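Report on one structure; see the data block that follows.
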Amino acid sequence: MRVIVVGGGIGGLAAGIALRRRGHEVQVWERTTEIGAAGSGLTLWPNGLRALDAIGLGDPVRARAMVDTEGGIRDRSGRWLSRTDTAKMAARHGSVVAVHRADLFDILRAALGPDRLRPGVTVTGIEGDRVRYDGGTESADLVVGADGLRSTVRAAVCPGARPPRYAGYTAWRMITRPLPPLREGGEIWGSGERFGVVPLPDGRVYLFGVADAPEGGHRPGGEFAEVRRRFGAWPDPIGRLLTEVPPEAVLRHDIYELPDLPSFVRGRVALLGDAAHAMTPNLGQGANQALEDAITLAAVLDGRDVAAELRRYDSLRRPRTRALAHRSRLIGSVAQWSWPPAVLARDTGLRLMPGWAMLRAFDSAVGWTAPDCSQTPAQ
């Protein structure tokens with residue numbers, strides 16, 4: 001089959017690789033010309049790594065990632081509320097790794113091949129089996145919408161879909177200059193604010209701050225000062241790490257989520273990743289779920305009955321991602337509590353939670369097993 005994947009993000013590139021491995025003719029179209037240039041890190045959980053293993057990229061990613069760093073959640077004073085036992089997590093489900101987003105994109109792009117990637121192409125709509133873009137139209141046997149939160153392809157699947165909604169908080173993301181290796185990360189939860197530390201393998205550290213804020217309240221040229229104002233006096237190592245952040249490296253993004261869609265598929269069009277189920281980042285599952293989507297789509301698709309195969313994809317992916325999106329929203333609501341009695345109750349509950357309960361809480365998110373997409377479908 002001829003497949004056009006709209007969107008060259010993590011899910012789109014992974015879908016292109018997986019579908020190509022299944023013997024399909026694939027092109028990945030991306031609106032921007034610099035793919036994966038954003039300066040931030042991400043966490044790949046065992047389920048995301050299993051998805052990468054299914055397309056032969058798990059080990060290359062692990063080789064460029066920080067594996068099994070210590071972490072957990074602290075309160076505003078710096079006291080530990082919950083520690084993540086990475087050894088038990090690895091024994092139960094597999095390793096958790098942190099990787100620079102640009103490194104992951106390098107690996108995905110190389111695996112897809114430059115002949116399969118078309119940057120600088122803006123898709124404007126889908127009409128039947130034809131994809132309309134700024135250079136004309138082209139036909140495809142399958143169109144995959146991996147074009148993110150503000151997806152154009154989504155309108156062809158769910159014309160009446162509600163727009164993304166603001167979660168009520170904004171996030172700053174940044175990466176430090178190289179430092180002596182840091183093995184311990186995690187988050188500090190305050191009142192309506194959080195800060196996270198994620199060590200990367202080259203000595204740099206990925207940092208993120210989250211705060212309740214009005215939508216669209218960006219400060220052009222002043223985001224680093226805002227981060228320092230909010231978080232500079234927080235417990236070590238936050239203040240120390242912020243001194244190693246180039247001011248121009250601070251990215252700010254309001255956090256949105258996508259209301260539940262009635263379907264991820266229609267005809268010969270399928271959605272994946274944020275185009276289908278954009279969720280808040282509180283579970284760290286956004287990229288991981290996009291990888292799961294990509295692998296599942298390739299595994300169920302052999303071209304004999306595309307409509308039926310896409311319905312199977314929808315039945316596998318929509319209930320799972322919906323449940324995780326709802327859970328992520330709930331965690332974000334609790335993490336952003338600012339009323340002092342509620343913050344005290346939250347922190348006390350975390351401190352009293354036994355380690356086995358915390359590990360078990362991850363089971364439904366990270367226990368996913370990748371279907372086989374290594375076999376070429378019958379022609």
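Ligands are numbered from 1 in the order shown, chains are lettered A, B, ... in the order of the structure tokens, and residues start at 1 in each chain.
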Margin query: Report as a list in words all protein, DNA and RNA residues lying within 10 Å of Arg109 of chain A, evaluated on only C-alpha atoms, omitting residues in the same chain fewer than 2 positions from it.
Written below: Gly8, Gly9, Ile10, Leu13, Ala14, Gly16, Ile17, Ile35, Gly36, Asp103, Leu104, Phe105, Asp106, Ile107, Ala111, Leu112, Gly113, Pro114, Arg116 and Leu117 of chain A
Secondary structure check, alpha helix (DSSP H) residues of segment 11-83 of chain A, as a short mmCIF file (atom, residue, chain, number, x, y, z; two decimals) with C-alpha atoms, in the first residue's frame:
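Output contents, as saved in selection.cif:
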data_model
loop_
_atom_site.label_atom_id
_atom_site.label_comp_id
_atom_site.auth_asym_id
_atom_site.auth_seq_id
_atom_site.Cartn_x
_atom_site.Cartn_y
_atom_site.Cartn_z
CA GLY A 11 4.84 9.03 16.41
CA GLY A 12 4.92 9.90 12.73
CA LEU A 13 8.52 8.82 12.22
CA ALA A 14 7.97 5.60 14.19
CA ALA A 15 4.84 4.85 12.15
CA GLY A 16 6.77 5.40 8.94
CA ILE A 17 9.52 3.02 10.05
CA ALA A 18 7.09 0.35 11.28
CA LEU A 19 4.93 0.50 8.15
CA ARG A 20 7.98 0.36 5.90
CA ARG A 21 9.20 -2.73 7.76
CA PRO A 46 9.37 0.38 29.49
CA ASN A 47 6.33 0.39 27.22
CA GLY A 48 7.87 3.02 24.94
CA LEU A 49 11.15 1.09 24.83
CA ARG A 50 9.28 -2.11 23.92
CA ALA A 51 7.69 -0.22 21.05
CA LEU A 52 11.14 0.88 19.89
CA ASP A 53 12.42 -2.70 20.29
CA ALA A 54 9.67 -3.81 17.89
CA GLY A 58 15.44 0.05 21.43
CA ASP A 59 19.15 -0.66 21.84
CA PRO A 60 20.35 2.37 19.83
CA VAL A 61 18.16 4.58 22.00
CA ARG A 62 19.36 2.98 25.22
CA ALA A 63 22.96 3.56 24.09
#
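Here atom CA of Gly217 of chain A stands at a distance of 19.5 Å from atom CA of Gly332 of chain A.
Distances to Ile255 of chain A were evaluated for A:Ile73, A:Ala308, A:Val210, A:Leu324 using only C-alpha atoms, and the minimum falls at A:Val210.
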Item checked: Test item, strand (DSSP E or B) assignment across segment 35-277 of chain A, answer as a PyMOL selection string -> chain A and resi 41-44+66-67+70-75+80-84+97-100+117-119+123-127+130-133+136-139+142-145+165-175+184+186-189+193-199+205-212+251-257+265-266+269-271
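Across A:Phe231, A:Trp189, A:Phe208, A:Phe195, the tightest approach to Ile175 of chain A is made by A:Phe208 when counting only C-alpha atoms.
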Notebook entry, point to check: Of the candidates A:Asp293, A:Asp274, A:Glu70, A:Asp260, which one gets nearest to Val97 of chain A if we count only C-alpha atoms?
Noted result: A:Glu70
Checklist line | Point-to-point distance from atom CA of Val144 of chain A to atom CA of Asp129 of chain A, Å rounded to tenths | finding: 11.5 Å
Next item on the list: Select, from A:Gly216, A:Pro371, A:Gly355, A:Pro164, the residue with the minimum atom-to-atom distance to Gly148 of chain A, counting only C-alpha atoms.
Entry: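 With only C-alpha atoms as the atom set, the closest residue is A:Pro164.
Using only C-alpha atoms, the nearest neighbour of Ile188 of chain A within the list A:Ser40, A:Ser82, A:Ser328, A:Ser364 is A:Ser82.
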Note to self: Between atom CA of Ala91 of chain A and atom CA of Thr69 of chain A, what distance in Å does the model show, to one decimal?
What the structure shows: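 Taking atom CA of Ala91 of chain A and atom CA of Thr69 of chain A, their separation equals 14.5 Å.
The protein and nucleic acid residues lying at most 8 Å from Thr296 of chain A are Glu292, Asp293, Ala294, Ala298, Ala299, Val300, Tyr313, Arg317, Ala370, Pro371 and Cys373 of chain A, with only C-alpha atoms considered and sequence neighbours fewer than 2 positions away removed.
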Item checked: Nearest-residue call for Pro247 of chain A, choices A:Arg311, A:Val123, A:Pro235, A:Arg177, using only C-alpha atoms -> A:Arg177
Next item on the list: Pick out the residues sitting within 8 Å of Val343 of chain A, and hand them over as JSON, numbers by chain; count only C-alpha atoms, and ignore anything fewer than 4 positions along from it in its own chain.
Entry: {"A": [190, 191, 337, 338, 339, 347]}
Based on the selection just made, write N, CA and C atoms of those residues as a PDB file, in the first residue's frame.
ATOM      1  N   GLY A 190       5.020  21.845  44.974  1.00  0.00           N
ATOM      2  CA  GLY A 190       4.697  22.935  45.875  1.00  0.00           C
ATOM      3  C   GLY A 190       3.206  23.202  45.887  1.00  0.00           C
ATOM      4  N   SER A 191       2.836  24.465  45.944  1.00  0.00           N
ATOM      5  CA  SER A 191       1.429  24.883  45.930  1.00  0.00           C
ATOM      6  C   SER A 191       1.151  25.552  44.584  1.00  0.00           C
ATOM      7  N   TRP A 337      -2.579  21.293  43.232  1.00  0.00           N
ATOM      8  CA  TRP A 337      -3.341  21.843  44.343  1.00  0.00           C
ATOM      9  C   TRP A 337      -2.567  22.972  45.026  1.00  0.00           C
ATOM     10  N   SER A 338      -3.289  24.002  45.439  1.00  0.00           N
ATOM     11  CA  SER A 338      -2.631  25.136  46.098  1.00  0.00           C
ATOM     12  C   SER A 338      -3.240  25.491  47.447  1.00  0.00           C
ATOM     13  N   TRP A 339      -4.433  24.959  47.758  1.00  0.00           N
ATOM     14  CA  TRP A 339      -5.049  25.222  49.063  1.00  0.00           C
ATOM     15  C   TRP A 339      -4.240  24.498  50.136  1.00  0.00           C
ATOM     16  N   ASP A 347       0.509  15.611  50.369  1.00  0.00           N
ATOM     17  CA  ASP A 347       1.885  15.265  50.722  1.00  0.00           C
ATOM     18  C   ASP A 347       1.928  14.160  51.776  1.00  0.00           C
TER      19      ASP A 347
END
Next item on the list: Please provide as a list in words all residues within 12 Å of Pro214 of chain A, with the sequence filter that same-chain residues fewer than 3 positions apart are discarded (counting only C-alpha atoms).
Entry: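 Neighbouring residues, sequence-local ones excluded: Tyr166, Ala167, Gly168, Tyr169, Thr170, Ala171, Ala211, Gly217, His218, His253, Asp254 and Ile255 of chain A.
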Margin query: With only C-alpha atoms as the counted atoms, please give the residues lying no more than 9 Å from Asp314 of chain A, apart from itself and same-chain residues fewer than 4 positions off, as number ranges by chain.
Written below: A: 263-265, 270, 297, 309-310, 318-319
Deliver the residues from the most recent selection as a file, using N, CA and C atoms, as a compact mmCIF listing (two decimals), in the first residue's frame.
# COMPACT_ATOMS: atom_id res chain seq x y z
N SER A 263 -13.75 8.42 17.64
CA SER A 263 -13.03 7.41 16.86
C SER A 263 -11.67 7.98 16.47
N PHE A 264 -10.70 7.09 16.29
CA PHE A 264 -9.40 7.49 15.76
C PHE A 264 -9.29 7.23 14.26
N VAL A 265 -10.35 6.66 13.65
CA VAL A 265 -10.27 6.26 12.24
C VAL A 265 -11.56 6.62 11.51
N ALA A 270 -6.34 7.41 9.57
CA ALA A 270 -6.16 7.06 10.97
C ALA A 270 -5.37 8.15 11.68
N LEU A 297 -0.54 0.18 14.88
CA LEU A 297 -1.09 0.43 13.55
C LEU A 297 -0.40 -0.44 12.50
N GLU A 309 -9.20 -3.31 9.33
CA GLU A 309 -7.94 -3.27 10.08
C GLU A 309 -7.83 -1.98 10.89
N LEU A 310 -8.30 -0.87 10.35
CA LEU A 310 -8.27 0.38 11.09
C LEU A 310 -9.26 0.36 12.26
N ARG A 318 -7.93 3.28 21.39
CA ARG A 318 -8.73 4.36 21.96
C ARG A 318 -9.06 4.13 23.45
N PRO A 319 -9.50 2.94 23.85
CA PRO A 319 -9.78 2.77 25.29
C PRO A 319 -8.54 2.95 26.17
